[in-house]
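Q: coords06.pdb is reproduced in full below (PDB, C-alpha atoms).
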ATOM      1  CA  MET A   1     100.385 105.582  90.464
ATOM      2  CA  PHE A   2     102.653 107.532  92.795
ATOM      3  CA  THR A   3     105.761 109.390  91.681
ATOM      4  CA  VAL A   4     108.935 108.213  93.391
ATOM      5  CA  LYS A   5     111.737 110.496  94.534
ATOM      6  CA  LEU A   6     115.048 109.202  95.838
ATOM      7  CA  SER A   7     117.064 110.900  98.547
ATOM      8  CA  HIS A   8     120.746 111.563  97.910
ATOM      9  CA  ARG A   9     121.612 108.701 100.255
ATOM     10  CA  SER A  10     119.352 106.283  98.349
ATOM     11  CA  LYS A  11     120.790 107.299  94.975
ATOM     12  CA  ARG A  12     124.310 106.795  96.281
ATOM     13  CA  PHE A  13     123.447 103.295  97.514
ATOM     14  CA  LEU A  14     121.897 102.301  94.169
ATOM     15  CA  ASN A  15     124.905 103.619  92.261
ATOM     16  CA  HIS A  16     127.305 101.478  94.285
ATOM     17  CA  CYS A  17     125.417  98.183  94.679
ATOM     18  CA  ASP A  18     125.814  95.186  92.374
ATOM     19  CA  ASP A  19     123.539  94.703  89.349
ATOM     20  CA  MET A  20     121.394  91.942  90.864
ATOM     21  CA  THR A  21     120.684  93.942  94.026
ATOM     22  CA  HIS A  22     120.005  97.067  91.964
ATOM     23  CA  ARG A  23     117.482  95.211  89.817
ATOM     24  CA  ARG A  24     115.686  93.630  92.792
ATOM     25  CA  ILE A  25     115.431  96.930  94.663
ATOM     26  CA  CYS A  26     114.188  98.793  91.571
ATOM     27  CA  GLU A  27     111.524  96.139  91.026
ATOM     28  CA  LYS A  28     110.324  96.588  94.611
ATOM     29  CA  ILE A  29     110.285 100.385  94.236
ATOM     30  CA  GLY A  30     108.168  99.944  91.098
ATOM     31  CA  LYS A  31     105.690  97.835  93.045
ATOM     32  CA  ILE A  32     105.591 100.417  95.846
ATOM     33  CA  SER A  33     104.778 103.155  93.315
ATOM     34  CA  VAL A  34     101.620 101.247  92.366
ATOM     35  CA  LEU A  35     100.669 100.053  95.865
ATOM     36  CA  PRO A  36     102.391 102.226  98.512
ATOM     37  CA  LEU A  37     101.424 100.031 101.467
ATOM     38  CA  PRO A  38     101.803  96.376 100.520
ATOM     39  CA  LEU A  39     100.984  93.790 103.172
ATOM     40  CA  GLU A  40     104.657  93.363 104.097
ATOM     41  CA  ALA A  41     105.170  97.103 104.784
ATOM     42  CA  LYS A  42     105.901  97.901 108.427
ATOM     43  CA  LEU A  43     105.899 101.213 110.253
ATOM     44  CA  VAL A  44     109.363 102.102 111.551
ATOM     45  CA  LYS A  45     109.463 103.245 115.158
ATOM     46  CA  GLY A  46     111.678 106.083 116.333
ATOM     47  CA  TYR A  47     111.064 108.506 113.469
ATOM     48  CA  LYS A  48     109.143 111.774 113.790
ATOM     49  CA  ASP A  49     107.266 111.156 110.520
ATOM     50  CA  LYS A  50     105.520 107.979 109.440
ATOM     51  CA  VAL A  51     108.375 106.101 107.816
ATOM     52  CA  TRP A  52     107.530 102.739 106.289
ATOM     53  CA  ARG A  53     109.871  99.901 105.412
ATOM     54  CA  VAL A  54     109.798  96.973 103.042
ATOM     55  CA  ARG A  55     112.239  94.141 102.829
ATOM     56  CA  VAL A  56     114.270  93.029  99.824
ATOM     57  CA  GLY A  57     116.366  90.106 101.060
ATOM     58  CA  ASN A  58     118.910  91.490 103.553
ATOM     59  CA  TYR A  59     118.154  95.052 102.443
ATOM     60  CA  ARG A  60     115.501  97.474 103.636
ATOM     61  CA  ILE A  61     113.844 100.349 101.802
ATOM     62  CA  LEU A  62     112.648 103.161 104.077
ATOM     63  CA  TYR A  63     110.132 105.582 102.610
ATOM     64  CA  LEU A  64     107.586 108.314 103.289
ATOM     65  CA  ILE A  65     104.205 108.535 101.561
ATOM     66  CA  ASP A  66     102.570 111.862 100.668
ATOM     67  CA  TYR A  67      99.002 111.078  99.651
ATOM     68  CA  ALA A  68      98.169 114.721  98.886
ATOM     69  CA  LEU A  69     100.945 114.968  96.278
ATOM     70  CA  GLN A  70     100.706 111.294  95.245
ATOM     71  CA  SER A  71     104.436 110.892  95.834
ATOM     72  CA  ILE A  72     106.813 108.612  97.697
ATOM     73  CA  LEU A  73     110.176 109.704  99.044
ATOM     74  CA  ILE A  74     112.695 106.889  99.416
ATOM     75  CA  VAL A  75     114.566 108.017 102.534
ATOM     76  CA  ASN A  76     117.187 105.276 102.750
ATOM     77  CA  ILE A  77     118.166 101.925 101.278
ATOM     78  CA  ASP A  78     120.776  99.773 102.978
ATOM     79  CA  ARG A  79     121.512  96.510 104.722
ATOM     80  CA  ARG A  80     119.293  95.643 107.630
ATOM     81  CA  GLU A  81     122.123  96.168 110.134
ATOM     82  CA  THR A  82     122.836  99.774 109.104
ATOM     83  CA  VAL A  83     119.678 101.168 107.499
ATOM     84  CA  TYR A  84     118.215 102.550 110.728
ATOM     85  CA  ASP A  85     121.298 104.625 111.674
TER      86      ASP A  85
END
Any chance you could put this one into structure tokens?
A:
Amino acid sequence: MFTVKLSHRSKRFLNHCDDMTHRRICEKIGKISVLPLPLEAKLVKGYKDKVWRVRVGNYRILYLIDYALQSILIVNIDRRETVYD
């Protein structure tokens, strides 16, 4: 199981979203901590590092995986239209 760290931006999003969205995103993050690269994970182009994304409805979770430290850094969580900015 990987440890999960949230960026400041991700924490801010989770603090301001509605309860249903918060619950769904937290469930997905829990699944990612067990299996960092599920079948639906896609590599995001345009980033220097290998940033992966998973979908939760209209929202996207962008994250980095550090296999050496067994950790995942959630870089950003937001709506599909604005998450890549």
Q: Kindly extract all protein, DNA and RNA residues lying within 10 Å of the coordinates (110.5, 111.5, 103.5) given in the file, considering only C-alpha atoms, and supply them as a PyMOL selection string.
A: chain A and resi 5-7+49-52+62-66+71-76
Q: Give me, please, the distance in Å between CA of Leu69 (chain A) and CA of Leu14 (chain A), quoted to one decimal.
A: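 CA of Leu69 (chain A) sits 24.6 Å away from CA of Leu14 (chain A).
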Q: Have a look at CA of Lys45 (chain A) and CA of Ile77 (chain A) and let me know their distance in Å, one decimal.
A: 16.4 Å
Q: With distances taken over all atoms listed in the file, which residue among A:His22, A:Ile29, A:Val34, A:Asp85 lies nearest Gln70 (chain A)?
A: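 So, comparing all the options, the nearest one is A:Val34.
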Q: Work out how far apart CA of Phe2 (chain A) and CA of Arg55 (chain A) are and give it in Å to one decimal.
A: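 Value for the CA of Phe2 (chain A)-CA of Arg55 (chain A) distance: 19.3 Å.
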Q: Measuring between only C-alpha atoms, which one of A:Ala68, A:Val56, A:Val44, A:Leu35 shows the shortest distance to Met20 (chain A)?
A: A:Val56
Q: Do you know which residues the PyMOL selection byres ((chain A and resi 60) around 8) returns on this file, as a ChimeraX atom specification?
A: /A:53-59,61-62,77-80,83
Q: Got time to write the residues from that selection, C-alpha atoms, as a PDB file, in the frame of the given file?
A:
ATOM      1  CA  ARG A  53     109.871  99.901 105.412  1.00  0.00           C
ATOM      2  CA  VAL A  54     109.798  96.973 103.042  1.00  0.00           C
ATOM      3  CA  ARG A  55     112.239  94.141 102.829  1.00  0.00           C
ATOM      4  CA  VAL A  56     114.270  93.029  99.824  1.00  0.00           C
ATOM      5  CA  GLY A  57     116.366  90.106 101.060  1.00  0.00           C
ATOM      6  CA  ASN A  58     118.910  91.490 103.553  1.00  0.00           C
ATOM      7  CA  TYR A  59     118.154  95.052 102.443  1.00  0.00           C
ATOM      8  CA  ILE A  61     113.844 100.349 101.802  1.00  0.00           C
ATOM      9  CA  LEU A  62     112.648 103.161 104.077  1.00  0.00           C
ATOM     10  CA  ILE A  77     118.166 101.925 101.278  1.00  0.00           C
ATOM     11  CA  ASP A  78     120.776  99.773 102.978  1.00  0.00           C
ATOM     12  CA  ARG A  79     121.512  96.510 104.722  1.00  0.00           C
ATOM     13  CA  ARG A  80     119.293  95.643 107.630  1.00  0.00           C
ATOM     14  CA  VAL A  83     119.678 101.168 107.499  1.00  0.00           C
TER      15      VAL A  83
END
Q: Which is closest to Val4 (chain A) among A:Ile32, A:Leu43, A:His16, A:Tyr84, if we use all atoms listed in the file?
A: A:Ile32
